[in-house]
Amino acid sequence: MSSKLDTLYRQVIMDHYKNPRNRGEFDGDTVTVNMNNPTCGDRIQIQMKVEDDKVTDAKFVGEGCSISLASASMMTQAIKGLKLDEAVAMSNIFSDIMLGKEYDDERFDLGDIEALQGVAKFPARIKCATLAWKAMEKGINDHK
Amino acid sequence: MNAKEIKKQFPILDQNVNGNPLVYLDSAATSQKPLKVIEAIDDYYRRYNSNVHRGVHTLGTLATDGYEGAREKVRSFIGAKSIEEIVFTRGTTTALNLVASSYARDNLKEGDEIVISLMEHHSNIIPWQQVAKKTGATLKYFPLQPDGTLDLEEVEKTITNKTKLVSVMHVSNVLGTINPIKEIAEIAHRNGAIMVVDGAQSTPHMKVNVQDLDCDFFAFSGHKMGGPTGIGALYGKKHLLEKMEPIEFGGEMIDFVGLQDSTWKELPWKFEGGTPIIAGAIGLGAAIDFLEEVGLENVLKHEHELAEYAMERLSEIDGLKIFGPKKRAGVVTFNLDDVHPHDVATVLDAEGIAVRAGHHCAQPLMKWLDVTATARASFYLYNTKEDVDALVTGLVKTKEYFGDVF
């Protein structure tokens, strides 16, 4: 199978898809956002526990492709412990990665997220990768 | 009919995509265009581009002849009585919206019923939802049989004497189901309702005769039948179109304009405000010529064979589920194990194979099927058994690829 495909379906992405982190729902008070990708029918729910301007925990549930679910898994991992502004800043960095732009790789430890770089070469799949991030951003903006 | 020879007349199909020969299996979304259509549009812009119905000059006459000539081709193609019954529109969606916004809003009231089916495309759902909201009419649905077909007994039960409008797709863009329009129209008429047909997926593939179907309105798009995007048509029975008000007002559609009041041109021009889609209509006319040379009965036979062959070959793949009835048009919708249809489509694309993945603009149907999305391969006259074989090979690779990474 082509190597271009391997740049998209990196091992670490498949690992998040197969073993999603933070999949589930919280009881009690959370910032909750539901978002659809109307072009394909993917659905996602992001929940964040917010205390003192900080995301203390995050979970997701949803139906979607490997890219959208892996991205949600990575996102919920990455924003834990970040201030709300920082989570939004990370989302902006993620958008830059998706657009194939130069991005700030020093401000945060992006970890697994950088594995999603390959999505930039598959324009039709960028919306899959950004769905969870858009939902997270919306949750934070609504919360503010 | 020789699909391999036909394929040579579609320049776009002769290319490599991602290093592999293109296998185009997304004609239900939009078909490719034969050289004849591309040349007809090119010729119009090079030789006689001009506005229609007003220029006294020579090019204006040529353009008008081209545009109105295309209308006559459409009339004959779908078996309408007269060109007065053929309104050019932007496509099926615009045509259905014209019926909804003009006829339905003016003729339906609270207590009336609109009936559509659960397999409809969004463009044959939302216009009626909007009519129901504006008029107070109720929107009802024909239930589906487990295999994704309509049952005439259920149709008979669902349509009542309160039903004023029934609208059904001729062929399902997801399941490939061919609906019994003539029979449904008879039931609708017996109950005093009018019959609207979404012909987007039938007109390109089978001989349609609106008089034989006895539908009151019939909508279709040019781009799914080898024509360009941005052109389609609404057929309507003359006595209904005559009573309908235009929904777009301006140039081209008027008879006399005063300071406070104006009158409209006769049919069909009163519905065609503004400079029309001249090149599009000429391109559609060329597509009709092309299809008639091949013969629609040959196209349908070829697609039946391909669909049958595809279902047979696809069922060899372990974990592949096909949706819809056995007898169908050239559309095969499926899911492969737990691999999301988007991932299936991306892996196939890497092999040069174009399929559609998603909800296919039929969310109520997806809900009924209990899936969020599916993959779909759709065939046209230029597809061959080799294309189906490529799809099967691609799907086996997809399975292996996702099997490996899991």
# chains A, B, ... in the order shown; residues from 1 in each chain; ligands from 1
$ interface_residues --of "chain A" --to "chain B" --cutoff "6 Å" --atoms "only C-alpha atoms" --output "ChimeraX atom specification"
/A:40-41,65
$ residues_around --residues "region 54-59 of chain B" --least-positions-apart "4" --cutoff "12 Å" --atoms "only C-alpha atoms" --output "NGL selection string"
:B and (44-50 or 63-66 or 251-253 or 275)
$ select_by_dssp --residues "region 56-105 of chain A" --states "strand (DSSP E or B)" --output "number ranges by chain"
A: 56-63, 83
$ residues_around --residues "region 31-33 of chain B" --least-positions-apart "3" --cutoff "10 Å" --atoms "only C-alpha atoms" --output "VMD selection string"
chain B and resid 7 9 to 13 24 to 28 36 to 38 204 222 to 229 283 287 378 to 382
$ write_last_selection --atoms "C-alpha atoms" --output "PDB file, in the first residue's frame"
ATOM      1  CA  LYS B   7     -15.207   5.268 -22.226  1.00  0.00           C
ATOM      2  CA  GLN B   9     -15.294   9.417 -25.576  1.00  0.00           C
ATOM      3  CA  PHE B  10     -14.823  10.753 -22.028  1.00  0.00           C
ATOM      4  CA  PRO B  11     -11.449  12.534 -21.993  1.00  0.00           C
ATOM      5  CA  ILE B  12     -11.322  12.861 -18.192  1.00  0.00           C
ATOM      6  CA  LEU B  13     -11.363   9.099 -17.716  1.00  0.00           C
ATOM      7  CA  TYR B  24     -14.574   6.670 -11.543  1.00  0.00           C
ATOM      8  CA  LEU B  25     -17.393   5.173  -9.477  1.00  0.00           C
ATOM      9  CA  ASP B  26     -19.163   8.330  -8.340  1.00  0.00           C
ATOM     10  CA  SER B  27     -21.539   9.060 -11.202  1.00  0.00           C
ATOM     11  CA  ALA B  28     -24.545   9.262  -8.886  1.00  0.00           C
ATOM     12  CA  LYS B  36     -19.432  15.882 -27.630  1.00  0.00           C
ATOM     13  CA  VAL B  37     -20.831  17.897 -24.700  1.00  0.00           C
ATOM     14  CA  ILE B  38     -17.551  19.660 -23.979  1.00  0.00           C
ATOM     15  CA  PRO B 204     -29.633   9.605 -16.806  1.00  0.00           C
ATOM     16  CA  GLY B 222     -28.229  17.730 -16.483  1.00  0.00           C
ATOM     17  CA  HIS B 223     -24.929  17.094 -14.735  1.00  0.00           C
ATOM     18  CA  LYS B 224     -25.818  13.530 -13.756  1.00  0.00           C
ATOM     19  CA  MET B 225     -26.455  12.586 -17.400  1.00  0.00           C
ATOM     20  CA  GLY B 226     -23.319  13.789 -19.112  1.00  0.00           C
ATOM     21  CA  GLY B 227     -24.381  17.430 -19.252  1.00  0.00           C
ATOM     22  CA  PRO B 228     -22.822  20.387 -17.461  1.00  0.00           C
ATOM     23  CA  THR B 229     -23.583  21.523 -13.914  1.00  0.00           C
ATOM     24  CA  GLY B 283     -24.586  21.263 -23.265  1.00  0.00           C
ATOM     25  CA  ALA B 287     -25.784  15.115 -23.679  1.00  0.00           C
ATOM     26  CA  SER B 378     -22.217   4.168  -8.608  1.00  0.00           C
ATOM     27  CA  PHE B 379     -21.958   3.208 -12.251  1.00  0.00           C
ATOM     28  CA  TYR B 380     -22.643   4.778 -15.596  1.00  0.00           C
ATOM     29  CA  LEU B 381     -22.405   3.804 -19.218  1.00  0.00           C
ATOM     30  CA  TYR B 382     -18.614   4.207 -19.298  1.00  0.00           C
TER      31      TYR B 382
END
$ residues_around --residues "region 233-236 of chain B" --least-positions-apart "5" --cutoff "7 Å" --atoms "only C-alpha atoms" --output "MDAnalysis selection string"
chainID B and resid 85:89 91:92 95 216:221 241
$ closest_residue --among "A:Arg43, A:Lys49, A:Lys121, A:Arg21" --to "Ile97 (chain A)" --atoms "only C-alpha atoms"
A:Lys121
$ residues_around --residues "region 183-186 of chain B" --least-positions-apart "4" --cutoff "12 Å" --atoms "only C-alpha atoms" --output "NGL selection string"
:B and (115-117 or 142 or 150-159 or 164-170 or 179 or 190-197 or 210-218)
$ closest_residue --among "A:Leu69, A:Ala129, A:Ile93, A:Ala78" --to "Gly111 (chain A)" --atoms "only C-alpha atoms"
A:Ala78
$ select_by_dssp --residues "region 25-225 of chain B" --states "helix (DSSP H, G or I)" --output "number ranges by chain"
B: 35-48, 58-78, 83-85, 92-107, 122-124, 126-135, 152-158, 181-190, 210-213, 223-225
$ write_last_selection --atoms "C-alpha atoms" --output "PDB file, in the first residue's frame"
ATOM      1  CA  LEU B  35     -16.293  15.078 -25.638  1.00  0.00           C
ATOM      2  CA  LYS B  36     -19.432  15.882 -27.630  1.00  0.00           C
ATOM      3  CA  VAL B  37     -20.831  17.897 -24.700  1.00  0.00           C
ATOM      4  CA  ILE B  38     -17.551  19.660 -23.979  1.00  0.00           C
ATOM      5  CA  GLU B  39     -17.278  20.595 -27.657  1.00  0.00           C
ATOM      6  CA  ALA B  40     -20.865  21.844 -27.861  1.00  0.00           C
ATOM      7  CA  ILE B  41     -20.239  24.254 -24.969  1.00  0.00           C
ATOM      8  CA  ASP B  42     -16.885  25.272 -26.388  1.00  0.00           C
ATOM      9  CA  ASP B  43     -18.481  25.888 -29.798  1.00  0.00           C
ATOM     10  CA  TYR B  44     -21.209  28.044 -28.256  1.00  0.00           C
ATOM     11  CA  TYR B  45     -18.698  30.288 -26.493  1.00  0.00           C
ATOM     12  CA  ARG B  46     -16.336  30.453 -29.472  1.00  0.00           C
ATOM     13  CA  ARG B  47     -18.872  30.944 -32.229  1.00  0.00           C
ATOM     14  CA  TYR B  48     -22.290  32.201 -31.151  1.00  0.00           C
ATOM     15  CA  THR B  58     -27.438  36.986 -36.080  1.00  0.00           C
ATOM     16  CA  LEU B  59     -25.612  35.653 -33.023  1.00  0.00           C
ATOM     17  CA  GLY B  60     -28.699  36.343 -30.885  1.00  0.00           C
ATOM     18  CA  THR B  61     -30.774  34.239 -33.247  1.00  0.00           C
ATOM     19  CA  LEU B  62     -28.234  31.406 -33.196  1.00  0.00           C
ATOM     20  CA  ALA B  63     -28.106  31.438 -29.388  1.00  0.00           C
ATOM     21  CA  THR B  64     -31.907  31.474 -29.147  1.00  0.00           C
ATOM     22  CA  ASP B  65     -32.124  28.581 -31.591  1.00  0.00           C
ATOM     23  CA  GLY B  66     -29.541  26.668 -29.557  1.00  0.00           C
ATOM     24  CA  TYR B  67     -31.288  27.317 -26.257  1.00  0.00           C
ATOM     25  CA  GLU B  68     -34.817  26.613 -27.484  1.00  0.00           C
ATOM     26  CA  GLY B  69     -33.573  23.695 -29.530  1.00  0.00           C
ATOM     27  CA  ALA B  70     -32.282  22.172 -26.293  1.00  0.00           C
ATOM     28  CA  ARG B  71     -35.727  22.614 -24.748  1.00  0.00           C
ATOM     29  CA  GLU B  72     -37.270  20.646 -27.592  1.00  0.00           C
ATOM     30  CA  LYS B  73     -34.656  17.922 -27.062  1.00  0.00           C
ATOM     31  CA  VAL B  74     -35.604  17.712 -23.385  1.00  0.00           C
ATOM     32  CA  ARG B  75     -39.293  17.584 -24.289  1.00  0.00           C
ATOM     33  CA  SER B  76     -38.800  14.706 -26.636  1.00  0.00           C
ATOM     34  CA  PHE B  77     -36.338  12.960 -24.284  1.00  0.00           C
ATOM     35  CA  ILE B  78     -38.833  12.730 -21.407  1.00  0.00           C
ATOM     36  CA  ILE B  83     -42.243  22.683 -24.814  1.00  0.00           C
ATOM     37  CA  GLU B  84     -44.567  24.812 -22.667  1.00  0.00           C
ATOM     38  CA  GLU B  85     -44.228  22.082 -20.071  1.00  0.00           C
ATOM     39  CA  THR B  92     -33.311  19.067  -9.545  1.00  0.00           C
ATOM     40  CA  THR B  93     -33.151  21.005  -6.277  1.00  0.00           C
ATOM     41  CA  THR B  94     -34.242  24.260  -7.906  1.00  0.00           C
ATOM     42  CA  ALA B  95     -36.981  22.461  -9.816  1.00  0.00           C
ATOM     43  CA  LEU B  96     -38.419  20.855  -6.674  1.00  0.00           C
ATOM     44  CA  ASN B  97     -38.170  24.163  -4.841  1.00  0.00           C
ATOM     45  CA  LEU B  98     -40.117  25.848  -7.633  1.00  0.00           C
ATOM     46  CA  VAL B  99     -42.986  23.389  -7.146  1.00  0.00           C
ATOM     47  CA  ALA B 100     -42.800  23.829  -3.372  1.00  0.00           C
ATOM     48  CA  SER B 101     -42.519  27.616  -3.333  1.00  0.00           C
ATOM     49  CA  SER B 102     -45.095  28.285  -6.023  1.00  0.00           C
ATOM     50  CA  TYR B 103     -47.605  25.472  -6.395  1.00  0.00           C
ATOM     51  CA  ALA B 104     -47.529  23.992  -2.891  1.00  0.00           C
ATOM     52  CA  ARG B 105     -47.470  27.227  -0.903  1.00  0.00           C
ATOM     53  CA  ASP B 106     -50.375  28.603  -2.893  1.00  0.00           C
ATOM     54  CA  ASN B 107     -52.516  25.471  -2.879  1.00  0.00           C
ATOM     55  CA  HIS B 122     -32.607  16.131   1.296  1.00  0.00           C
ATOM     56  CA  SER B 123     -33.699  18.110  -1.756  1.00  0.00           C
ATOM     57  CA  ASN B 124     -36.980  16.207  -1.751  1.00  0.00           C
ATOM     58  CA  ILE B 126     -36.609  20.065   3.090  1.00  0.00           C
ATOM     59  CA  PRO B 127     -38.709  21.987   0.522  1.00  0.00           C
ATOM     60  CA  TRP B 128     -41.770  20.095   1.822  1.00  0.00           C
ATOM     61  CA  GLN B 129     -40.816  20.678   5.456  1.00  0.00           C
ATOM     62  CA  GLN B 130     -40.761  24.379   4.637  1.00  0.00           C
ATOM     63  CA  VAL B 131     -44.142  24.185   2.881  1.00  0.00           C
ATOM     64  CA  ALA B 132     -45.583  22.376   5.906  1.00  0.00           C
ATOM     65  CA  LYS B 133     -44.274  25.091   8.225  1.00  0.00           C
ATOM     66  CA  LYS B 134     -45.640  27.917   6.054  1.00  0.00           C
ATOM     67  CA  THR B 135     -49.043  26.410   5.280  1.00  0.00           C
ATOM     68  CA  LEU B 152     -47.814  -0.299  -2.557  1.00  0.00           C
ATOM     69  CA  GLU B 153     -50.170  -1.499   0.172  1.00  0.00           C
ATOM     70  CA  GLU B 154     -48.415   0.844   2.606  1.00  0.00           C
ATOM     71  CA  VAL B 155     -48.576   3.607   0.013  1.00  0.00           C
ATOM     72  CA  GLU B 156     -52.295   3.010  -0.302  1.00  0.00           C
ATOM     73  CA  LYS B 157     -52.691   3.176   3.488  1.00  0.00           C
ATOM     74  CA  THR B 158     -50.598   6.318   3.942  1.00  0.00           C
ATOM     75  CA  ILE B 181     -43.902   5.786  -9.762  1.00  0.00           C
ATOM     76  CA  LYS B 182     -46.750   5.006 -12.140  1.00  0.00           C
ATOM     77  CA  GLU B 183     -48.572   2.982  -9.497  1.00  0.00           C
ATOM     78  CA  ILE B 184     -47.996   5.581  -6.771  1.00  0.00           C
ATOM     79  CA  ALA B 185     -49.200   8.342  -9.110  1.00  0.00           C
ATOM     80  CA  GLU B 186     -52.389   6.390  -9.752  1.00  0.00           C
ATOM     81  CA  ILE B 187     -53.044   6.083  -5.997  1.00  0.00           C
ATOM     82  CA  ALA B 188     -52.242   9.768  -5.466  1.00  0.00           C
ATOM     83  CA  HIS B 189     -54.605  10.852  -8.249  1.00  0.00           C
ATOM     84  CA  ARG B 190     -57.384   8.582  -7.020  1.00  0.00           C
ATOM     85  CA  VAL B 210     -43.665  11.572 -18.086  1.00  0.00           C
ATOM     86  CA  GLN B 211     -46.980  10.932 -19.819  1.00  0.00           C
ATOM     87  CA  ASP B 212     -46.744   7.219 -19.233  1.00  0.00           C
ATOM     88  CA  LEU B 213     -45.773   7.770 -15.576  1.00  0.00           C
ATOM     89  CA  HIS B 223     -24.929  17.094 -14.735  1.00  0.00           C
ATOM     90  CA  LYS B 224     -25.818  13.530 -13.756  1.00  0.00           C
ATOM     91  CA  MET B 225     -26.455  12.586 -17.400  1.00  0.00           C
TER      92      MET B 225
END
$ residues_around --residues "region 137-144 of chain A" --least-positions-apart "6" --cutoff "7 Å" --atoms "only C-alpha atoms" --output "PyMOL selection string"
chain A and resi 31-33+84+88
$ residues_around --residues "Thr76 (chain A)" --least-positions-apart "5" --cutoff "7 Å" --atoms "only C-alpha atoms" --output "PyMOL selection string"
chain A and resi 22+58-59
